Structures are given as C-alpha cells and as structure tokens.
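So this block is my_file21.cif, mmCIF, C-alpha atoms:
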data_input
#
loop_
_atom_site.group_PDB
_atom_site.id
_atom_site.type_symbol
_atom_site.label_atom_id
_atom_site.label_comp_id
_atom_site.auth_asym_id
_atom_site.auth_seq_id
_atom_site.Cartn_x
_atom_site.Cartn_y
_atom_site.Cartn_z
ATOM 1 C CA MET A 250 11.465 14.894 10.602
ATOM 2 C CA LYS A 251 14.783 15.154 8.773
ATOM 3 C CA ASP A 252 15.208 16.854 5.422
ATOM 4 C CA GLU A 253 12.595 15.200 3.169
ATOM 5 C CA ASN A 254 14.924 15.484 0.162
ATOM 6 C CA LYS A 255 17.233 12.948 1.853
ATOM 7 C CA VAL A 256 14.480 10.405 2.450
ATOM 8 C CA SER A 257 14.268 7.863 -0.360
ATOM 9 C CA THR A 258 11.016 6.848 -1.973
ATOM 10 C CA ALA A 259 11.830 3.261 -0.995
ATOM 11 C CA GLY A 260 12.178 4.354 2.632
ATOM 12 C CA ILE A 261 8.795 6.067 2.547
ATOM 13 C CA LYS A 262 7.186 2.975 1.050
ATOM 14 C CA ARG A 263 8.640 0.837 3.844
ATOM 15 C CA LEU A 264 6.896 2.845 6.566
ATOM 16 C CA PRO A 265 3.471 1.160 6.117
ATOM 17 C CA LYS A 266 5.214 -2.224 6.246
ATOM 18 C CA TYR A 267 6.925 -1.288 9.508
ATOM 19 C CA TYR A 268 3.589 -0.100 10.864
ATOM 20 C CA ARG A 269 1.814 -3.315 9.888
ATOM 21 C CA TYR A 270 4.446 -5.517 11.519
ATOM 22 C CA LEU A 271 4.510 -3.380 14.660
ATOM 23 C CA SER A 272 0.705 -3.723 14.849
ATOM 24 C CA VAL A 273 1.108 -7.498 14.902
ATOM 25 C CA LEU A 274 3.739 -7.277 17.636
ATOM 26 C CA ARG A 275 1.508 -5.059 19.764
ATOM 27 C CA GLN A 276 -1.400 -7.489 19.369
ATOM 28 C CA MET A 277 0.941 -10.252 20.569
ATOM 29 C CA GLY A 278 1.841 -8.208 23.643
ATOM 30 C CA ILE A 279 5.460 -7.645 22.577
ATOM 31 C CA GLY A 280 6.753 -4.340 23.919
ATOM 32 C CA ARG A 281 10.027 -3.832 22.111
ATOM 33 C CA VAL A 282 11.711 -4.871 18.888
ATOM 34 C CA SER A 283 15.209 -4.721 17.435
ATOM 35 C CA SER A 284 16.357 -3.479 14.052
ATOM 36 C CA ILE A 285 17.466 -7.072 13.378
ATOM 37 C CA ASP A 286 13.905 -8.376 13.796
ATOM 38 C CA LEU A 287 12.444 -5.552 11.694
ATOM 39 C CA GLY A 288 15.036 -6.088 8.974
ATOM 40 C CA ARG A 289 14.312 -9.805 8.882
ATOM 41 C CA GLN A 290 10.620 -9.144 8.349
ATOM 42 C CA LEU A 291 11.212 -6.631 5.537
ATOM 43 C CA GLU A 292 14.185 -8.541 4.076
ATOM 44 C CA ILE A 293 16.556 -5.600 4.490
ATOM 45 C CA THR A 294 19.637 -5.060 6.643
ATOM 46 C CA PRO A 295 19.373 -3.818 10.245
ATOM 47 C CA SER A 296 21.476 -0.792 9.257
ATOM 48 C CA LYS A 297 18.904 0.098 6.600
ATOM 49 C CA VAL A 298 16.164 -0.067 9.245
ATOM 50 C CA ARG A 299 18.111 2.227 11.547
ATOM 51 C CA GLN A 300 18.800 4.618 8.672
ATOM 52 C CA ASP A 301 15.104 4.745 7.782
ATOM 53 C CA PHE A 302 14.141 5.641 11.331
ATOM 54 C CA PHE A 303 16.988 8.126 11.716
ATOM 55 C CA ASN A 304 15.840 9.933 8.566
ATOM 56 C CA PHE A 305 12.387 10.319 10.082
ATOM 57 C CA GLY A 306 13.623 11.286 13.534
ATOM 58 C CA CYS A 307 12.803 7.984 15.253
ATOM 59 C CA TYR A 308 15.572 6.745 17.526
ATOM 60 C CA GLY A 309 16.113 3.511 19.415
ATOM 61 C CA LEU A 310 18.525 2.632 22.228
ATOM 62 C CA GLN A 311 21.611 0.554 21.576
ATOM 63 C CA GLY A 312 21.187 -2.874 23.104
ATOM 64 C CA TYR A 313 17.510 -2.224 23.771
ATOM 65 C CA GLY A 314 15.888 -1.571 20.414
ATOM 66 C CA TYR A 315 12.623 0.287 19.867
ATOM 67 C CA GLU A 316 9.495 0.603 21.970
ATOM 68 C CA VAL A 317 6.756 -0.933 19.810
ATOM 69 C CA GLY A 318 3.988 1.420 20.938
ATOM 70 C CA SER A 319 6.096 4.579 20.667
ATOM 71 C CA LEU A 320 7.462 3.611 17.263
ATOM 72 C CA MET A 321 3.965 2.845 15.977
ATOM 73 C CA HIS A 322 2.774 6.218 17.230
ATOM 74 C CA GLU A 323 5.629 8.087 15.536
ATOM 75 C CA ILE A 324 5.246 6.244 12.241
ATOM 76 C CA GLY A 325 1.506 6.822 12.361
ATOM 77 C CA LYS A 326 2.103 10.570 12.720
ATOM 78 C CA ILE A 327 4.548 10.546 9.800
ATOM 79 C CA LEU A 328 1.965 8.712 7.671
ATOM 80 C CA GLY A 329 -0.725 11.223 8.621
ATOM 81 C CA MET A 330 -2.692 8.693 10.651
ATOM 82 C CA ASP A 331 -3.006 10.960 13.657
ATOM 83 C CA ARG A 332 -6.101 12.518 12.080
ATOM 84 C CA VAL A 333 -9.160 11.212 10.247
ATOM 85 C CA ASN A 334 -8.817 11.347 6.467
ATOM 86 C CA THR A 335 -12.162 11.389 4.675
ATOM 87 C CA MET A 336 -12.512 9.467 1.431
ATOM 88 C CA VAL A 337 -15.013 9.191 -1.396
ATOM 89 C CA ILE A 338 -15.085 6.314 -3.862
ATOM 90 C CA ILE A 339 -15.715 7.232 -7.490
ATOM 91 C CA GLY A 340 -16.949 4.137 -9.268
ATOM 92 C CA ALA A 341 -19.363 1.853 -7.431
ATOM 93 C CA GLY A 342 -18.596 -1.304 -9.390
ATOM 94 C CA LYS A 343 -17.217 -4.491 -7.850
ATOM 95 C CA LEU A 344 -13.886 -2.964 -6.864
ATOM 96 C CA GLY A 345 -15.445 0.197 -5.481
ATOM 97 C CA ARG A 346 -17.923 -1.785 -3.397
ATOM 98 C CA ALA A 347 -15.177 -4.093 -2.145
ATOM 99 C CA LEU A 348 -13.136 -1.109 -0.957
ATOM 100 C CA ALA A 349 -16.200 0.418 0.702
ATOM 101 C CA ASN A 350 -16.712 -2.834 2.602
ATOM 102 C CA HIS A 351 -13.103 -2.808 3.827
ATOM 103 C CA SER A 352 -13.813 -1.850 7.438
ATOM 104 C CA SER A 353 -10.138 -1.863 8.475
ATOM 105 C CA PHE A 354 -9.654 1.510 6.765
ATOM 106 C CA GLU A 355 -11.398 3.152 9.687
ATOM 107 C CA LYS A 356 -8.976 1.540 12.136
ATOM 108 C CA ARG A 357 -6.169 3.291 10.268
ATOM 109 C CA GLY A 358 -7.848 6.695 10.273
ATOM 110 C CA TYR A 359 -9.475 6.607 6.827
ATOM 111 C CA LYS A 360 -13.235 7.016 6.636
ATOM 112 C CA VAL A 361 -15.302 6.434 3.497
ATOM 113 C CA ILE A 362 -18.035 9.079 3.590
ATOM 114 C CA GLY A 363 -19.417 8.901 0.063
ATOM 115 C CA MET A 364 -19.693 6.839 -3.129
ATOM 116 C CA PHE A 365 -20.379 8.155 -6.614
ATOM 117 C CA ASP A 366 -21.187 6.645 -9.977
ATOM 118 C CA MET A 367 -22.718 7.583 -13.319
ATOM 119 C CA ASN A 368 -24.746 4.369 -13.676
ATOM 120 C CA PRO A 369 -28.412 5.204 -12.944
ATOM 121 C CA ASN A 370 -29.001 1.584 -11.893
ATOM 122 C CA LEU A 371 -26.585 2.017 -8.977
ATOM 123 C CA ILE A 372 -27.548 5.508 -7.836
ATOM 124 C CA GLY A 373 -29.645 5.408 -4.672
ATOM 125 C CA LYS A 374 -28.359 2.024 -3.500
ATOM 126 C CA ALA A 375 -26.149 1.751 -0.432
ATOM 127 C CA VAL A 376 -22.980 -0.076 0.624
ATOM 128 C CA ARG A 377 -22.398 -0.378 4.390
ATOM 129 C CA GLY A 378 -24.908 2.402 4.842
ATOM 130 C CA ILE A 379 -23.150 4.702 2.356
ATOM 131 C CA GLU A 380 -25.493 5.926 -0.357
ATOM 132 C CA ILE A 381 -24.292 5.825 -3.951
ATOM 133 C CA ARG A 382 -24.841 9.275 -5.431
ATOM 134 C CA SER A 383 -24.648 10.654 -8.950
ATOM 135 C CA ILE A 384 -21.192 11.846 -9.940
ATOM 136 C CA ASP A 385 -22.800 15.202 -10.708
ATOM 137 C CA MET A 386 -23.336 15.678 -6.958
ATOM 138 C CA LEU A 387 -19.660 15.313 -6.078
ATOM 139 C CA GLN A 388 -18.767 19.011 -6.229
ATOM 140 C CA GLU A 389 -21.572 19.954 -3.858
ATOM 141 C CA PHE A 390 -20.722 17.017 -1.590
ATOM 142 C CA HIS A 391 -17.076 18.096 -1.380
ATOM 143 C CA ALA A 392 -18.106 21.668 -0.557
ATOM 144 C CA GLN A 393 -20.144 20.344 2.372
ATOM 145 C CA HIS A 394 -17.758 17.669 3.667
ATOM 146 C CA ALA A 395 -14.211 18.712 2.640
ATOM 147 C CA VAL A 396 -13.091 15.409 1.107
ATOM 148 C CA ASP A 397 -9.412 14.554 1.660
ATOM 149 C CA ILE A 398 -8.989 11.603 -0.717
ATOM 150 C CA ALA A 399 -10.781 10.555 -3.893
ATOM 151 C CA VAL A 400 -10.541 6.830 -4.633
ATOM 152 C CA ILE A 401 -10.853 6.293 -8.388
ATOM 153 C CA THR A 402 -12.126 2.856 -9.437
ATOM 154 C CA VAL A 403 -13.762 3.767 -12.758
ATOM 155 C CA PRO A 404 -12.745 2.182 -16.098
ATOM 156 C CA ARG A 405 -9.446 3.607 -17.321
ATOM 157 C CA VAL A 406 -11.092 5.577 -20.151
ATOM 158 C CA TYR A 407 -12.805 7.770 -17.552
ATOM 159 C CA ALA A 408 -9.959 8.001 -15.036
ATOM 160 C CA ARG A 409 -8.294 11.191 -16.280
ATOM 161 C CA GLU A 410 -11.604 13.002 -16.521
ATOM 162 C CA MET A 411 -12.521 11.996 -12.964
ATOM 163 C CA ALA A 412 -9.107 13.057 -11.697
ATOM 164 C CA GLU A 413 -9.402 16.441 -13.348
ATOM 165 C CA ARG A 414 -12.840 16.919 -11.842
ATOM 166 C CA VAL A 415 -11.867 16.118 -8.274
ATOM 167 C CA VAL A 416 -8.748 18.275 -8.533
ATOM 168 C CA SER A 417 -10.836 21.190 -9.790
ATOM 169 C CA TYR A 418 -13.145 20.734 -6.782
ATOM 170 C CA GLY A 419 -10.188 21.018 -4.407
ATOM 171 C CA VAL A 420 -9.474 17.400 -3.458
ATOM 172 C CA LYS A 421 -5.778 17.050 -2.604
ATOM 173 C CA GLY A 422 -5.336 13.286 -2.531
ATOM 174 C CA ILE A 423 -6.083 10.654 -5.194
ATOM 175 C CA TRP A 424 -5.869 6.881 -4.781
ATOM 176 C CA ASN A 425 -6.079 5.597 -8.352
ATOM 177 C CA PHE A 426 -7.000 1.999 -9.212
ATOM 178 C CA ALA A 427 -7.812 2.657 -12.875
ATOM 179 C CA SER A 428 -4.654 1.063 -14.374
ATOM 180 C CA VAL A 429 -3.688 4.300 -16.089
ATOM 181 C CA GLU A 430 -1.472 7.071 -14.764
ATOM 182 C CA PHE A 431 -2.030 10.794 -15.106
ATOM 183 C CA GLU A 432 -0.335 13.992 -14.045
ATOM 184 C CA VAL A 433 -1.693 16.160 -11.251
ATOM 185 C CA PRO A 434 -0.719 19.621 -9.951
ATOM 186 C CA GLU A 435 2.198 19.808 -7.530
ATOM 187 C CA ASP A 436 -0.092 20.459 -4.572
ATOM 188 C CA VAL A 437 -2.019 17.224 -5.194
ATOM 189 C CA ALA A 438 -0.765 13.812 -4.013
ATOM 190 C CA VAL A 439 -1.547 10.712 -6.074
ATOM 191 C CA GLU A 440 -0.852 7.024 -5.583
ATOM 192 C CA HIS A 441 -1.324 4.783 -8.620
ATOM 193 C CA ILE A 442 -2.195 1.145 -7.878
ATOM 194 C CA HIS A 443 -1.483 -1.473 -10.558
ATOM 195 C CA PHE A 444 -2.610 -4.966 -9.605
ATOM 196 C CA SER A 445 -0.910 -6.454 -12.664
ATOM 197 C CA GLU A 446 2.501 -5.178 -11.534
ATOM 198 C CA SER A 447 2.111 -6.933 -8.200
ATOM 199 C CA LEU A 448 1.086 -10.121 -9.991
ATOM 200 C CA MET A 449 4.107 -9.912 -12.310
ATOM 201 C CA ALA A 450 6.392 -9.387 -9.306
ATOM 202 C CA LEU A 451 4.878 -12.529 -7.787
ATOM 203 C CA SER A 452 5.453 -14.357 -11.075
ATOM 204 C CA TYR A 453 9.136 -13.391 -10.975
ATOM 205 C CA LYS A 454 9.512 -14.613 -7.388
ATOM 206 C CA LEU A 455 7.755 -17.857 -8.294
ATOM 207 C CA LYS A 456 10.096 -18.359 -11.249
ATOM 208 C CA GLU A 457 13.113 -17.820 -8.971
ATOM 209 C CA LYS A 458 11.743 -20.345 -6.469
ATOM 210 C CA ARG A 459 11.211 -22.887 -9.239
ATOM 211 C CA THR A 460 14.717 -22.310 -10.573
ATOM 212 C CA GLY A 461 16.169 -22.825 -7.107
ATOM 213 C CA TRP A 462 14.101 -25.955 -6.606
ATOM 214 C CA LEU A 463 15.264 -27.470 -9.890
ATOM 215 C CA ALA A 464 18.894 -26.643 -9.123
ATOM 216 C CA SER A 465 18.716 -28.423 -5.768
ATOM 217 C CA TRP A 466 16.519 -31.318 -6.917
ATOM 218 C CA GLN A 467 17.955 -34.732 -6.059
ATOM 219 C CA PRO A 468 16.713 -37.683 -8.153
ATOM 220 C CA HIS A 469 16.223 -41.106 -6.581
ATOM 221 C CA ASP A 470 19.751 -42.246 -7.444
ATOM 222 C CA GLY A 471 21.185 -39.454 -5.262
ATOM 223 C CA ARG A 472 22.838 -37.537 -8.093
ATOM 224 C CA SER A 473 22.121 -33.844 -8.534
ATOM 225 C CA GLN A 474 20.640 -32.432 -11.702
ATOM 226 C CA SER A 475 24.055 -30.965 -12.651
ATOM 227 C CA ASP A 476 25.711 -34.383 -12.168
ATOM 228 C CA ARG A 477 23.128 -36.036 -14.408
ATOM 229 C CA SER A 478 23.621 -33.371 -17.063
ATOM 230 C CA ALA A 479 27.380 -33.929 -16.984
ATOM 231 C CA ILE A 480 26.935 -37.687 -17.359
ATOM 232 C CA GLY A 481 24.591 -37.110 -20.270
ATOM 233 C CA LYS A 482 27.349 -35.135 -21.999
ATOM 234 C CA GLY A 483 29.880 -37.921 -21.453
ATOM 235 C CA VAL A 484 31.772 -36.173 -18.652
ATOM 236 C CA ARG A 485 33.389 -38.570 -16.157
#

Serialized structure, structure tokens:
Amino acid sequence: MKDENKVSTAGIKRLPKYYRYLSVLRQMGIGRVSSIDLGRQLEITPSKVRQDFFNFGCYGLQGYGYEVGSLMHEIGKILGMDRVNTMVIIGAGKLGRALANHSSFEKRGYKVIGMFDMNPNLIGKAVRGIEIRSIDMLQEFHAQHAVDIAVITVPRVYAREMAERVVSYGVKGIWNFASVEFEVPEDVAVEHIHFSESLMALSYKLKEKRTGWLASWQPHDGRSQSDRSAIGKGVR
C-alpha cells in the first residue's frame, strides 16, 4: 500500500462502499468494471476512483478497467477481511441483540463470540446460540479468546467506563454505538456510530429534493413557479 499519510480519510471510508458494490457485481456474474461505473455508483468522478485505488496499490488497465474478483480481494485485504476478526457485544439490549442476529457479519470475516451485560435478568439467556454473560466475566473471556473488537451498545452514561475496561484488558478495536465519543490510546482503533447524524444527512438530502421539486413544479396553466411569482409582483 502507498504511504498511509497520503490516503485521505474520505478515501478510506469509500473502500467499504466499493467492496459492497463489487459484491453485487460478482453476484450478477459481471467480471470487470470501469472507474466510470464505480464513480457513478459512489457519485464521485472516475479520476477520484482511480486515485483511490492508486493510493492503495490497486491498478486497472486502460480501456479494460478492473477485474471485479481481484479488486474485491485486494480491497478485502486492505480492510483486514482476509482474517477472522472476533467480536464481543457489550450491552445485550435491543440494539445489541439486533447486531448479534446480523448473520452477514460472518460473511465479511467478523464473528460474534460473546455478549455481555450487567442486567441480571439477561445474564444466562442466549442470542443465536451466544450466551449473555456478566460484564464481570469479560476480562477472563478476553484472556481465553483474544477478542479483536468490542462492540459497545450500552447507554451513553456507561460507554466511557466500558471503553476504558476493554482497553485495559487489551482489546484493540472498539465499535461504539453509544452516541458519545471518547478518547482511546494511539494503539487502539475506534469507530463511533451516530444514527442521528445519518438521519440528519438524509433530512438535508430530502430538503434539497423538495427544493428542486418546487423549483421545477409546473402548475396546470403551464407557467412555472417563478413565472407565477413574477406575475404576482406585477412583472410583465
């Protein structure tokens, strides 16, 4: 891979989107794809696609494009999907159980091997065959299973404490759904997920669509909204 300092955060975040689209193409039996097609799907320019792949050492052939299978394999390696990453879910509420039931994680190389909670009413129950254990057993569990990623789905008031605990146990990856961000040591990777931010981004896009629709709206008399506004102001 090229110098990581030259790879933008935006470029890194596009890799899973490339991978997802390439997965669809492979399922459709399509063997190659162009930067134009990839750019259209991600709403970026073909040159940006080529730059992304160049930064990560993935090269296509001019006039031919990219081999779908090979590109998927290379992106998968970059994303660390060429090995099984073990995960534990901390917080066995509705969100935690929903994530545990998400079987497609395993197809991507992520395996949920444990669930933990502090609610005595949940401890001992199972989700997809995974027993919910007391949070006090997490340190021992990690020592036995070498957990790669801790998925935090507890209420935000407990999130920092849980993060500090898993870091002290030696977990190096945190996927945080607790709607609060926290700092971690440099040797620990964390991804904060905020559902509300995604919803607000959708709200913005919806507003833009509505604005565009109103601007292009044609009333029954054939005049545009701008024409009607001008008439209303006495403009002839």

For range 389-397 of chain A, take all atoms listed in the file, fit an axis-aligned box around them, add 3 Å to each of the six sides, then output centre and edge lengths in Å rounded to one decimal, as JSON.
{"center_x": -15.5, "center_y": 18.1, "center_z": -0.1, "size_x": 18.2, "size_y": 13.1, "size_z": 13.5}

Task: Explicit residue set for the PyMOL selection byres ((chain A and resi 314) around 10), as a ChimeraX atom specification - done: /A:281-286,299,308-313,315-317

Those residues with C-alpha atoms, as an mmCIF file, in the frame of the given file please?
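Written file, again_3.cif:
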data_model
loop_
_atom_site.group_PDB
_atom_site.id
_atom_site.type_symbol
_atom_site.label_atom_id
_atom_site.label_comp_id
_atom_site.auth_asym_id
_atom_site.auth_seq_id
_atom_site.Cartn_x
_atom_site.Cartn_y
_atom_site.Cartn_z
ATOM 1 C CA ARG A 281 10.027 -3.832 22.111
ATOM 2 C CA VAL A 282 11.711 -4.871 18.888
ATOM 3 C CA SER A 283 15.209 -4.721 17.435
ATOM 4 C CA SER A 284 16.357 -3.479 14.052
ATOM 5 C CA ILE A 285 17.466 -7.072 13.378
ATOM 6 C CA ASP A 286 13.905 -8.376 13.796
ATOM 7 C CA ARG A 299 18.111 2.227 11.547
ATOM 8 C CA TYR A 308 15.572 6.745 17.526
ATOM 9 C CA GLY A 309 16.113 3.511 19.415
ATOM 10 C CA LEU A 310 18.525 2.632 22.228
ATOM 11 C CA GLN A 311 21.611 0.554 21.576
ATOM 12 C CA GLY A 312 21.187 -2.874 23.104
ATOM 13 C CA TYR A 313 17.510 -2.224 23.771
ATOM 14 C CA TYR A 315 12.623 0.287 19.867
ATOM 15 C CA GLU A 316 9.495 0.603 21.970
ATOM 16 C CA VAL A 317 6.756 -0.933 19.810
#

Using all atoms listed in the file, can you list as a tab-separated table (two decimals) with C-alpha atoms, keeping the file's coordinate frame the residues within 9 Å of (-15.4, 8.1, -11.0)?
chain	number	residue	atom	x	y	z
A	338	ILE	CA	-15.08	6.31	-3.86
A	339	ILE	CA	-15.72	7.23	-7.49
A	340	GLY	CA	-16.95	4.14	-9.27
A	341	ALA	CA	-19.36	1.85	-7.43
A	365	PHE	CA	-20.38	8.15	-6.61
A	366	ASP	CA	-21.19	6.64	-9.98
A	367	MET	CA	-22.72	7.58	-13.32
A	384	ILE	CA	-21.19	11.85	-9.94
A	399	ALA	CA	-10.78	10.56	-3.89
A	400	VAL	CA	-10.54	6.83	-4.63
A	401	ILE	CA	-10.85	6.29	-8.39
A	402	THR	CA	-12.13	2.86	-9.44
A	403	VAL	CA	-13.76	3.77	-12.76
A	404	PRO	CA	-12.74	2.18	-16.10
A	407	TYR	CA	-12.80	7.77	-17.55
A	408	ALA	CA	-9.96	8.00	-15.04
A	410	GLU	CA	-11.60	13.00	-16.52
A	411	MET	CA	-12.52	12.00	-12.96
A	412	ALA	CA	-9.11	13.06	-11.70

Open item on the list: Taking the file as I've supplied it (selection: the PyMOL selection byres ((chain A and resi 332) around 12)), which residues are included? Please answer as a PyMOL selection string.
Closed with: chain A and resi 325-331+333-335+355-360+397

TODO: List the neighbours of Glu323 in chain A out to 9 Å using all atoms listed in the file; skip same-chain residues closer than 5 positions along the sequence, and give me the result as a PyMOL selection string.
DONE: chain A and resi 305-307+318+328

Task: Residue contacts of Glu413 in chain A (12 Å, only C-alpha atoms) excluding same-chain residues fewer than 2 positions away, as a list in words - done: Ala399, Ile401, Tyr407, Ala408, Arg409, Glu410, Met411, Val415, Val416, Ser417, Tyr418, Gly419, Val420, Lys421, Gly422, Ile423, Phe431, Glu432, Val433, Pro434 and Val437 of chain A

Open item on the list: Show me, as a list of chain:residue names, the residues that have an atom within 12 Å of Glu380 in chain A when counting all atoms listed in the file, minus same-chain residues fewer than 2 positions from it.
Closed with: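 Residues meeting the cut-off are A:Val337, A:Ile338, A:Ala341, A:Arg346, A:Ala349, A:Val361, A:Ile362, A:Gly363, A:Met364, A:Phe365, A:Asp366, A:Leu371, A:Ile372, A:Gly373, A:Lys374, A:Ala375, A:Val376, A:Arg377, A:Gly378, A:Arg382, A:Ser383, A:Met386.
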
Task: Å distance separating CA of Ala464 in chain A from CA of Leu448 in chain A, one decimal place - done: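 Atom-to-atom, CA of Ala464 in chain A and CA of Leu448 in chain A are spaced 24.3 Å apart.
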
Task: Selected residue, from A:Leu344, A:Ala427, A:Leu291, A:Ala259, that lies nearest to Ser445 in chain A when counting all atoms listed in the file - done: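 Among A:Leu344, A:Ala427, A:Leu291, A:Ala259, it is A:Ala427 that comes nearest to Ser445 in chain A.
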
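From CA of Phe426 in chain A back to CA of Ile442 in chain A, the distance works out to 5.1 Å.
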
TODO: Could you tell me which of A:Gln388, A:Ser447, A:Gln290, A:Ser353 comes closest to Tyr270 in chain A if we count only C-alpha atoms?
DONE: A:Gln290

- [ ] Go through A:Leu387, A:Ala392, A:Leu455, A:Met336 and flag the residue nearest Trp424 in chain A, using all atoms listed in the file for the distances.
- [x] A:Met336

Open item on the list: Please report the interatomic distance between CA of Ala395 in chain A and CA of His441 in chain A in Å with one decimal.
Closed with: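 Going from CA of Ala395 in chain A over to CA of His441 in chain A, I get 22.1 Å.
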
TODO: Step by step, work through what the PyMOL selection byres ((chain A and resi 297) around 12) selects in the shown file, and finish by giving those residues as a PyMOL selection string.
DONE: chain A and resi 256-257+259-260+263+284-285+287-289+291-296+298-304

Once you have the residues from the selection above, write them out as a PDB file, in the frame of the given file, restricted to C-alpha atoms.
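File produced: result34.pdb:
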ATOM      1  CA  VAL A 256      14.480  10.405   2.450  1.00  0.00           C
ATOM      2  CA  SER A 257      14.268   7.863  -0.360  1.00  0.00           C
ATOM      3  CA  ALA A 259      11.830   3.261  -0.995  1.00  0.00           C
ATOM      4  CA  GLY A 260      12.178   4.354   2.632  1.00  0.00           C
ATOM      5  CA  ARG A 263       8.640   0.837   3.844  1.00  0.00           C
ATOM      6  CA  SER A 284      16.357  -3.479  14.052  1.00  0.00           C
ATOM      7  CA  ILE A 285      17.466  -7.072  13.378  1.00  0.00           C
ATOM      8  CA  LEU A 287      12.444  -5.552  11.694  1.00  0.00           C
ATOM      9  CA  GLY A 288      15.036  -6.088   8.974  1.00  0.00           C
ATOM     10  CA  ARG A 289      14.312  -9.805   8.882  1.00  0.00           C
ATOM     11  CA  LEU A 291      11.212  -6.631   5.537  1.00  0.00           C
ATOM     12  CA  GLU A 292      14.185  -8.541   4.076  1.00  0.00           C
ATOM     13  CA  ILE A 293      16.556  -5.600   4.490  1.00  0.00           C
ATOM     14  CA  THR A 294      19.637  -5.060   6.643  1.00  0.00           C
ATOM     15  CA  PRO A 295      19.373  -3.818  10.245  1.00  0.00           C
ATOM     16  CA  SER A 296      21.476  -0.792   9.257  1.00  0.00           C
ATOM     17  CA  VAL A 298      16.164  -0.067   9.245  1.00  0.00           C
ATOM     18  CA  ARG A 299      18.111   2.227  11.547  1.00  0.00           C
ATOM     19  CA  GLN A 300      18.800   4.618   8.672  1.00  0.00           C
ATOM     20  CA  ASP A 301      15.104   4.745   7.782  1.00  0.00           C
ATOM     21  CA  PHE A 302      14.141   5.641  11.331  1.00  0.00           C
ATOM     22  CA  PHE A 303      16.988   8.126  11.716  1.00  0.00           C
ATOM     23  CA  ASN A 304      15.840   9.933   8.566  1.00  0.00           C
TER      24      ASN A 304
END
